[in-house]
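Okay, coords_26.txt is below, compact mmCIF, N, CA and C atoms:
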# COMPACT_ATOMS: atom_id res chain seq x y z
N MET O 1 -2.76 4.72 11.46
CA MET O 1 -3.26 3.66 10.60
C MET O 1 -4.78 3.70 10.53
N ALA O 2 -5.43 3.97 11.65
CA ALA O 2 -6.89 4.05 11.65
C ALA O 2 -7.38 5.21 10.79
N VAL O 3 -6.69 6.33 10.87
CA VAL O 3 -7.06 7.50 10.06
C VAL O 3 -6.92 7.16 8.58
N GLY O 4 -5.81 6.58 8.20
CA GLY O 4 -5.59 6.22 6.80
C GLY O 4 -6.60 5.22 6.30
N ASN O 5 -6.93 4.23 7.12
CA ASN O 5 -7.91 3.23 6.72
C ASN O 5 -9.30 3.85 6.53
N HIS O 6 -9.67 4.75 7.43
CA HIS O 6 -10.98 5.40 7.34
C HIS O 6 -11.09 6.25 6.06
N VAL O 7 -10.12 7.10 5.85
CA VAL O 7 -10.15 7.98 4.67
C VAL O 7 -9.95 7.16 3.40
N GLY O 8 -9.08 6.17 3.45
CA GLY O 8 -8.85 5.31 2.29
C GLY O 8 -10.08 4.53 1.89
N GLY O 9 -10.90 4.15 2.86
CA GLY O 9 -12.14 3.46 2.55
C GLY O 9 -13.10 4.33 1.76
N ARG O 10 -13.18 5.59 2.13
CA ARG O 10 -14.03 6.52 1.39
C ARG O 10 -13.54 6.72 -0.04
N VAL O 11 -12.22 6.81 -0.19
CA VAL O 11 -11.65 6.98 -1.53
C VAL O 11 -11.86 5.72 -2.36
N ALA O 12 -11.69 4.56 -1.75
CA ALA O 12 -11.86 3.29 -2.46
C ALA O 12 -13.28 3.12 -2.99
N ASP O 13 -14.26 3.66 -2.26
CA ASP O 13 -15.64 3.57 -2.71
C ASP O 13 -15.91 4.45 -3.93
N ARG O 14 -15.13 5.49 -4.11
CA ARG O 14 -15.39 6.46 -5.19
C ARG O 14 -14.49 6.29 -6.41
N TYR O 15 -13.27 5.84 -6.20
CA TYR O 15 -12.28 5.79 -7.28
C TYR O 15 -11.64 4.42 -7.35
N GLU O 16 -11.47 3.93 -8.56
CA GLU O 16 -10.99 2.56 -8.76
C GLU O 16 -9.55 2.34 -8.30
N ASN O 17 -8.64 3.23 -8.65
CA ASN O 17 -7.22 3.02 -8.38
C ASN O 17 -6.58 4.10 -7.52
N ARG O 18 -7.25 5.20 -7.36
CA ARG O 18 -6.64 6.38 -6.74
C ARG O 18 -6.14 6.12 -5.32
N GLY O 19 -6.87 5.36 -4.53
CA GLY O 19 -6.48 5.11 -3.14
C GLY O 19 -5.13 4.43 -3.04
N LEU O 20 -4.91 3.42 -3.86
CA LEU O 20 -3.64 2.71 -3.79
C LEU O 20 -2.51 3.58 -4.32
N ILE O 21 -2.73 4.26 -5.41
CA ILE O 21 -1.66 5.08 -6.00
C ILE O 21 -1.31 6.25 -5.08
N LEU O 22 -2.32 6.94 -4.55
CA LEU O 22 -2.04 8.04 -3.63
C LEU O 22 -1.47 7.55 -2.31
N GLY O 23 -1.98 6.43 -1.82
CA GLY O 23 -1.49 5.89 -0.56
C GLY O 23 -0.02 5.51 -0.63
N TYR O 24 0.33 4.70 -1.60
CA TYR O 24 1.72 4.29 -1.72
C TYR O 24 2.61 5.43 -2.17
N GLY O 25 2.09 6.32 -3.02
CA GLY O 25 2.87 7.50 -3.41
C GLY O 25 3.18 8.38 -2.21
N GLY O 26 2.18 8.58 -1.35
CA GLY O 26 2.39 9.36 -0.12
C GLY O 26 3.38 8.68 0.81
N ALA O 27 3.27 7.36 0.92
CA ALA O 27 4.21 6.63 1.77
C ALA O 27 5.64 6.78 1.24
N LEU O 28 5.80 6.77 -0.07
CA LEU O 28 7.13 6.94 -0.65
C LEU O 28 7.71 8.31 -0.29
N ALA O 29 6.86 9.34 -0.33
CA ALA O 29 7.33 10.68 0.04
C ALA O 29 7.77 10.73 1.50
N PHE O 30 6.98 10.12 2.39
CA PHE O 30 7.36 10.09 3.80
C PHE O 30 8.63 9.27 4.02
N LEU O 31 8.79 8.18 3.29
CA LEU O 31 10.00 7.38 3.43
C LEU O 31 11.24 8.16 3.01
N VAL O 32 11.12 8.97 1.96
CA VAL O 32 12.25 9.80 1.54
C VAL O 32 12.59 10.80 2.64
N LEU O 33 11.56 11.42 3.22
CA LEU O 33 11.82 12.37 4.31
C LEU O 33 12.52 11.69 5.49
N ILE O 34 12.09 10.51 5.83
CA ILE O 34 12.73 9.79 6.92
C ILE O 34 14.17 9.43 6.54
N GLY O 35 14.36 8.95 5.33
CA GLY O 35 15.70 8.56 4.89
C GLY O 35 16.68 9.72 4.89
N VAL O 36 16.18 10.90 4.56
CA VAL O 36 17.06 12.08 4.47
C VAL O 36 17.24 12.75 5.84
N ALA O 37 16.15 12.85 6.61
CA ALA O 37 16.22 13.63 7.86
C ALA O 37 15.66 12.88 9.06
N GLY O 38 15.63 11.56 8.99
CA GLY O 38 15.05 10.76 10.07
C GLY O 38 15.82 10.80 11.37
N GLY O 39 17.01 11.33 11.37
CA GLY O 39 17.76 11.47 12.61
C GLY O 39 17.21 12.56 13.52
N ASN O 40 16.37 13.41 12.99
CA ASN O 40 15.74 14.50 13.74
C ASN O 40 14.35 14.04 14.19
N LEU O 41 14.12 13.93 15.50
CA LEU O 41 12.84 13.44 16.02
C LEU O 41 11.66 14.31 15.61
N VAL O 42 11.88 15.60 15.43
CA VAL O 42 10.80 16.50 15.03
C VAL O 42 10.30 16.13 13.64
N ILE O 43 11.16 15.61 12.82
CA ILE O 43 10.78 15.15 11.48
C ILE O 43 10.34 13.69 11.51
N LEU O 44 11.06 12.87 12.26
CA LEU O 44 10.80 11.44 12.29
C LEU O 44 9.40 11.09 12.77
N LEU O 45 8.97 11.64 13.90
CA LEU O 45 7.70 11.23 14.49
C LEU O 45 6.49 11.53 13.60
N PRO O 46 6.35 12.74 13.04
CA PRO O 46 5.21 12.95 12.13
C PRO O 46 5.31 12.09 10.87
N CYS O 47 6.52 11.83 10.42
CA CYS O 47 6.69 11.00 9.23
C CYS O 47 6.29 9.55 9.49
N LEU O 48 6.57 9.05 10.69
CA LEU O 48 6.13 7.70 11.04
C LEU O 48 4.62 7.60 11.04
N PHE O 49 3.95 8.64 11.57
CA PHE O 49 2.49 8.70 11.49
C PHE O 49 2.06 8.70 10.02
N GLY O 50 2.75 9.49 9.21
CA GLY O 50 2.41 9.60 7.79
C GLY O 50 2.57 8.29 7.05
N VAL O 51 3.63 7.56 7.33
CA VAL O 51 3.83 6.27 6.67
C VAL O 51 2.70 5.31 7.04
N GLY O 52 2.37 5.23 8.32
CA GLY O 52 1.28 4.35 8.74
C GLY O 52 -0.04 4.73 8.12
N ALA O 53 -0.34 6.02 8.11
CA ALA O 53 -1.61 6.49 7.56
C ALA O 53 -1.69 6.26 6.06
N THR O 54 -0.63 6.58 5.34
CA THR O 54 -0.69 6.44 3.88
C THR O 54 -0.66 4.98 3.43
N MET O 55 0.08 4.15 4.14
CA MET O 55 0.05 2.72 3.79
C MET O 55 -1.35 2.14 4.00
N MET O 56 -1.97 2.49 5.11
CA MET O 56 -3.33 2.00 5.37
C MET O 56 -4.36 2.66 4.47
N PHE O 57 -4.07 3.83 3.95
CA PHE O 57 -4.94 4.51 2.99
C PHE O 57 -5.12 3.63 1.75
N ALA O 58 -4.08 2.89 1.39
CA ALA O 58 -4.10 2.06 0.19
C ALA O 58 -4.87 0.75 0.36
N ILE O 59 -4.96 0.23 1.57
CA ILE O 59 -5.49 -1.11 1.80
C ILE O 59 -6.95 -1.26 1.37
N PRO O 60 -7.86 -0.33 1.66
CA PRO O 60 -9.23 -0.51 1.21
C PRO O 60 -9.36 -0.61 -0.32
N THR O 61 -8.54 0.11 -1.05
CA THR O 61 -8.58 0.01 -2.51
C THR O 61 -8.20 -1.39 -2.96
N ILE O 62 -7.20 -1.96 -2.30
CA ILE O 62 -6.81 -3.33 -2.64
C ILE O 62 -7.97 -4.27 -2.40
N GLN O 63 -8.64 -4.13 -1.27
CA GLN O 63 -9.75 -5.03 -0.93
C GLN O 63 -10.91 -4.87 -1.92
N VAL O 64 -11.25 -3.63 -2.25
CA VAL O 64 -12.35 -3.39 -3.18
C VAL O 64 -12.02 -3.96 -4.56
N ARG O 65 -10.78 -3.75 -5.01
CA ARG O 65 -10.38 -4.29 -6.32
C ARG O 65 -10.43 -5.82 -6.32
N LEU O 66 -9.91 -6.45 -5.27
CA LEU O 66 -9.94 -7.91 -5.22
C LEU O 66 -11.36 -8.44 -5.22
N THR O 67 -12.22 -7.82 -4.45
CA THR O 67 -13.61 -8.28 -4.37
C THR O 67 -14.31 -8.11 -5.72
N ALA O 68 -13.96 -7.08 -6.46
CA ALA O 68 -14.56 -6.87 -7.78
C ALA O 68 -14.16 -7.97 -8.76
N PHE O 69 -12.99 -8.56 -8.57
CA PHE O 69 -12.56 -9.64 -9.45
C PHE O 69 -13.27 -10.95 -9.15
N ALA O 70 -13.78 -11.11 -7.95
CA ALA O 70 -14.49 -12.34 -7.58
C ALA O 70 -15.63 -11.99 -6.62
N PRO O 71 -16.68 -11.36 -7.13
CA PRO O 71 -17.75 -10.90 -6.25
C PRO O 71 -18.49 -12.03 -5.52
N ASP O 72 -18.41 -13.23 -6.07
CA ASP O 72 -19.08 -14.36 -5.41
C ASP O 72 -18.21 -15.00 -4.32
N ALA O 73 -16.99 -14.53 -4.15
CA ALA O 73 -16.08 -15.10 -3.16
C ALA O 73 -15.38 -14.00 -2.36
N PRO O 74 -16.13 -13.12 -1.68
CA PRO O 74 -15.49 -12.02 -0.97
C PRO O 74 -14.61 -12.49 0.19
N THR O 75 -14.98 -13.58 0.83
CA THR O 75 -14.17 -14.09 1.94
C THR O 75 -12.81 -14.58 1.43
N LEU O 76 -12.82 -15.27 0.30
CA LEU O 76 -11.57 -15.73 -0.29
C LEU O 76 -10.70 -14.54 -0.67
N MET O 77 -11.30 -13.51 -1.24
CA MET O 77 -10.53 -12.33 -1.64
C MET O 77 -9.94 -11.63 -0.41
N GLY O 78 -10.71 -11.56 0.67
CA GLY O 78 -10.19 -10.98 1.91
C GLY O 78 -9.02 -11.78 2.46
N THR O 79 -9.11 -13.09 2.36
CA THR O 79 -8.04 -13.97 2.81
C THR O 79 -6.78 -13.77 1.96
N LEU O 80 -6.97 -13.66 0.65
CA LEU O 80 -5.83 -13.42 -0.24
C LEU O 80 -5.17 -12.08 0.06
N ASN O 81 -6.00 -11.08 0.36
CA ASN O 81 -5.47 -9.76 0.70
C ASN O 81 -4.61 -9.84 1.95
N LEU O 82 -5.11 -10.49 3.00
CA LEU O 82 -4.33 -10.60 4.23
C LEU O 82 -3.06 -11.42 4.02
N ALA O 83 -3.15 -12.48 3.22
CA ALA O 83 -1.96 -13.28 2.94
C ALA O 83 -0.91 -12.44 2.21
N ALA O 84 -1.35 -11.63 1.24
CA ALA O 84 -0.41 -10.78 0.50
C ALA O 84 0.21 -9.73 1.43
N LEU O 85 -0.59 -9.17 2.33
CA LEU O 85 -0.06 -8.18 3.27
C LEU O 85 0.96 -8.81 4.22
N ASN O 86 0.71 -10.04 4.64
CA ASN O 86 1.68 -10.73 5.49
C ASN O 86 2.96 -11.04 4.73
N LEU O 87 2.84 -11.41 3.46
CA LEU O 87 4.01 -11.63 2.63
C LEU O 87 4.81 -10.33 2.48
N ALA O 88 4.10 -9.21 2.28
CA ALA O 88 4.77 -7.91 2.17
C ALA O 88 5.50 -7.57 3.47
N ASN O 89 4.88 -7.85 4.62
CA ASN O 89 5.56 -7.62 5.90
C ASN O 89 6.83 -8.45 6.00
N CYS O 90 6.75 -9.68 5.56
CA CYS O 90 7.91 -10.57 5.59
C CYS O 90 9.02 -10.04 4.69
N LEU O 91 8.67 -9.65 3.46
CA LEU O 91 9.67 -9.13 2.53
C LEU O 91 10.28 -7.83 3.05
N GLY O 92 9.47 -6.99 3.69
CA GLY O 92 9.99 -5.76 4.27
C GLY O 92 11.00 -6.03 5.37
N ALA O 93 10.70 -7.01 6.21
CA ALA O 93 11.64 -7.37 7.29
C ALA O 93 12.94 -7.93 6.71
N ILE O 94 12.82 -8.73 5.68
CA ILE O 94 14.02 -9.27 5.04
C ILE O 94 14.83 -8.14 4.41
N GLY O 95 14.15 -7.23 3.71
CA GLY O 95 14.86 -6.09 3.11
C GLY O 95 15.58 -5.25 4.15
N GLY O 96 14.91 -4.99 5.26
CA GLY O 96 15.54 -4.22 6.34
C GLY O 96 16.72 -4.97 6.95
N ALA O 97 16.57 -6.27 7.12
CA ALA O 97 17.66 -7.07 7.69
C ALA O 97 18.87 -7.09 6.76
N VAL O 98 18.63 -7.18 5.47
CA VAL O 98 19.73 -7.17 4.50
C VAL O 98 20.47 -5.83 4.57
N ALA O 99 19.72 -4.73 4.65
CA ALA O 99 20.34 -3.40 4.72
C ALA O 99 21.16 -3.25 6.01
N LEU O 100 20.61 -3.72 7.12
CA LEU O 100 21.35 -3.64 8.39
C LEU O 100 22.59 -4.53 8.37
N ASP O 101 22.43 -5.74 7.84
CA ASP O 101 23.55 -6.67 7.79
C ASP O 101 24.67 -6.15 6.90
N ALA O 102 24.32 -5.36 5.90
CA ALA O 102 25.33 -4.78 5.02
C ALA O 102 26.11 -3.67 5.72
N GLY O 103 25.63 -3.26 6.90
CA GLY O 103 26.33 -2.23 7.66
C GLY O 103 26.00 -0.82 7.23
N TRP O 104 24.87 -0.63 6.58
CA TRP O 104 24.51 0.69 6.06
C TRP O 104 23.82 1.58 7.08
N GLY O 105 23.59 1.10 8.27
CA GLY O 105 23.00 1.92 9.34
C GLY O 105 21.49 1.74 9.45
N THR O 106 20.98 2.24 10.56
CA THR O 106 19.57 2.04 10.89
C THR O 106 18.63 2.66 9.85
N LEU O 107 18.93 3.85 9.38
CA LEU O 107 18.05 4.50 8.41
C LEU O 107 18.07 3.83 7.04
N SER O 108 19.01 2.94 6.81
CA SER O 108 19.04 2.22 5.53
C SER O 108 17.81 1.34 5.37
N THR O 109 17.20 0.95 6.49
CA THR O 109 15.99 0.14 6.40
C THR O 109 14.87 0.90 5.72
N VAL O 110 14.87 2.22 5.87
CA VAL O 110 13.86 3.05 5.20
C VAL O 110 14.03 2.96 3.69
N TRP O 111 15.26 2.96 3.23
CA TRP O 111 15.50 2.88 1.79
C TRP O 111 15.13 1.50 1.25
N ALA O 112 15.31 0.47 2.05
CA ALA O 112 14.84 -0.86 1.65
C ALA O 112 13.32 -0.84 1.49
N GLY O 113 12.64 -0.22 2.44
CA GLY O 113 11.18 -0.07 2.33
C GLY O 113 10.79 0.75 1.13
N PHE O 114 11.56 1.78 0.81
CA PHE O 114 11.29 2.61 -0.36
C PHE O 114 11.37 1.78 -1.64
N VAL O 115 12.42 0.98 -1.75
CA VAL O 115 12.60 0.16 -2.95
C VAL O 115 11.46 -0.84 -3.09
N LEU O 116 11.11 -1.51 -2.00
CA LEU O 116 10.05 -2.51 -2.05
C LEU O 116 8.69 -1.88 -2.34
N THR O 117 8.40 -0.72 -1.73
CA THR O 117 7.13 -0.04 -1.98
C THR O 117 7.05 0.44 -3.42
N THR O 118 8.16 0.96 -3.93
CA THR O 118 8.20 1.38 -5.34
C THR O 118 7.96 0.20 -6.26
N ALA O 119 8.58 -0.92 -5.97
CA ALA O 119 8.39 -2.12 -6.79
C ALA O 119 6.93 -2.55 -6.79
N GLY O 120 6.31 -2.54 -5.61
CA GLY O 120 4.91 -2.92 -5.52
C GLY O 120 3.99 -1.97 -6.27
N LEU O 121 4.25 -0.68 -6.14
CA LEU O 121 3.44 0.32 -6.84
C LEU O 121 3.61 0.19 -8.35
N LEU O 122 4.83 0.03 -8.81
CA LEU O 122 5.06 -0.14 -10.25
C LEU O 122 4.41 -1.42 -10.78
N LEU O 123 4.47 -2.48 -10.01
CA LEU O 123 3.82 -3.72 -10.41
C LEU O 123 2.31 -3.52 -10.53
N TYR O 124 1.72 -2.82 -9.58
CA TYR O 124 0.29 -2.55 -9.61
C TYR O 124 -0.08 -1.70 -10.83
N VAL O 125 0.65 -0.62 -11.03
CA VAL O 125 0.32 0.32 -12.11
C VAL O 125 0.48 -0.34 -13.48
N THR O 126 1.45 -1.22 -13.63
CA THR O 126 1.68 -1.84 -14.94
C THR O 126 0.84 -3.08 -15.18
N THR O 127 0.20 -3.60 -14.15
CA THR O 127 -0.59 -4.82 -14.34
C THR O 127 -2.04 -4.64 -13.88
N VAL O 128 -2.26 -4.71 -12.61
CA VAL O 128 -3.61 -4.75 -12.05
C VAL O 128 -4.43 -3.51 -12.37
N ALA O 129 -3.83 -2.34 -12.29
CA ALA O 129 -4.57 -1.11 -12.52
C ALA O 129 -5.14 -1.03 -13.93
N ARG O 130 -4.55 -1.77 -14.85
CA ARG O 130 -5.02 -1.76 -16.25
C ARG O 130 -6.14 -2.76 -16.50
N VAL O 131 -6.29 -3.72 -15.62
CA VAL O 131 -7.28 -4.78 -15.81
C VAL O 131 -8.61 -4.34 -15.22
N LYS O 132 -9.66 -4.51 -16.00
CA LYS O 132 -11.00 -4.19 -15.53
C LYS O 132 -11.67 -5.49 -15.07
N PRO O 133 -12.27 -5.48 -13.90
CA PRO O 133 -13.00 -6.67 -13.46
C PRO O 133 -14.15 -6.96 -14.41
N ALA O 134 -14.50 -8.23 -14.51
CA ALA O 134 -15.64 -8.64 -15.35
C ALA O 134 -16.92 -8.04 -14.77
N PRO O 135 -17.82 -7.61 -15.63
CA PRO O 135 -19.09 -7.06 -15.11
C PRO O 135 -19.89 -8.15 -14.40
N VAL O 136 -20.54 -7.74 -13.35
CA VAL O 136 -21.37 -8.68 -12.58
C VAL O 136 -22.70 -8.86 -13.32
N PRO O 137 -23.06 -10.11 -13.65
CA PRO O 137 -24.32 -10.32 -14.35
C PRO O 137 -25.51 -9.96 -13.48
N VAL O 138 -26.52 -9.41 -14.08
CA VAL O 138 -27.74 -9.03 -13.35
C VAL O 138 -28.58 -10.28 -13.20
N ARG O 139 -28.98 -10.55 -11.97
CA ARG O 139 -29.79 -11.74 -11.70
C ARG O 139 -31.26 -11.33 -11.63
N ALA O 140 -32.07 -12.13 -12.26
CA ALA O 140 -33.51 -11.83 -12.30
C ALA O 140 -34.22 -12.31 -11.07

Any chance you could give the structure as structure tokens?
Amino acid sequence: MAVGNHVGGRVADRYENRGLILGYGGALAFLVLIGVAGGNLVILLPCLFGVGATMMFAIPTIQVRLTAFAPDAPTLMGTLNLAALNLANCLGAIGGAVALDAGWGTLSTVWAGFVLTTAGLLLYVTTVARVKPAPVPVRA
């Protein structure tokens, strides 16, 4: 997670949307690998690292984008970011619990995460990624 956050911060400073799209896209690839071959520890362990790194790769882009929408309220934007991340954690746990309760097995939780991550990425690409923040007025 620390590696993803560090590299993702550098990408967020240079590119408007790339960090989130690459981060969540990479996480989706790792989730597919886990879902297909997660029973093998040689595959599972590096993929778990990959999911953590790629998910955190996306977070700085989210923060930079939010701050650009309200440059005079960076603390509020940071709070909204953390609240949204906590909501995502909650929804992920619910998705995993539903998959387990359905009797689909332990690795079914990965597919629940895949569906939720895909939904979030599609929502971002079809809405937020298209919106440009208002230009910051130059103060004399």

(request) Calculate how many Å separate atom CA of O:Thr61 from atom CA of O:Ala12, rounding to one decimal. (result) 4.6 Å

(request) Have a look at atom C of O:Gly23 and atom CA of O:Leu122 and let me know their distance in Å, one decimal. (result)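 Atom-to-atom, atom C of O:Gly23 to atom CA of O:Leu122, that is 12.3 Å.
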
(message) Show me, as a PyMOL selection string, the residues that have an atom within 12 Å of stretch 31-33 of chain O when counting only C-alpha atoms, minus same-chain residues fewer than 2 positions from it.
(response) chain O and resi 24-29+35-52+54-55+107-118

(request) Return the single residue from O:Pro71, O:Gly103, O:Gly78, O:Gly120 that is closest to O:Leu91, with distances computed using only C-alpha atoms. (result) O:Gly120

Draw an axis-aligned box tight on the listed atoms of stretch 26-40 of chain O, then pad every side by 5 Å and write out centre and edge lengths in Å to one decimal as lines of an AutoDock Vina configuration file.
center_x = 10.0
center_y = 10.6
center_z = 6.4
size_x = 25.6
size_y = 17.9
size_z = 25.5

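Proximity ranking of O:Ala97, O:Asp13, O:Phe57, O:Ala88 relative to O:Ala119 places O:Ala88 first, based on only C-alpha atoms.
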
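The two atoms in question, atom CA of O:Val64 and atom CA of O:Asn5, are spaced 12.7 Å apart.
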
(message) as a VMD selection string, please: every residue in chain O that a backbone DSSP assignment puts in helix (DSSP H, G or I).
(response) chain O and resid 2 to 14 18 to 37 41 to 69 74 to 101 108 to 126 128 to 130

(request) Would you mind listing what lies within 7 Å of O:Thr67 as a list in words, with all atoms listed in the file counted and same-chain residues fewer than 6 positions away left out? (result) Ala73, Pro74, Met77 and Gly78 of chain O

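Restricting the calculation to only C-alpha atoms, the smallest distance between O:Leu82 and any of O:Val128, O:Val98, O:Val7, O:Gln63 is found for O:Gln63.
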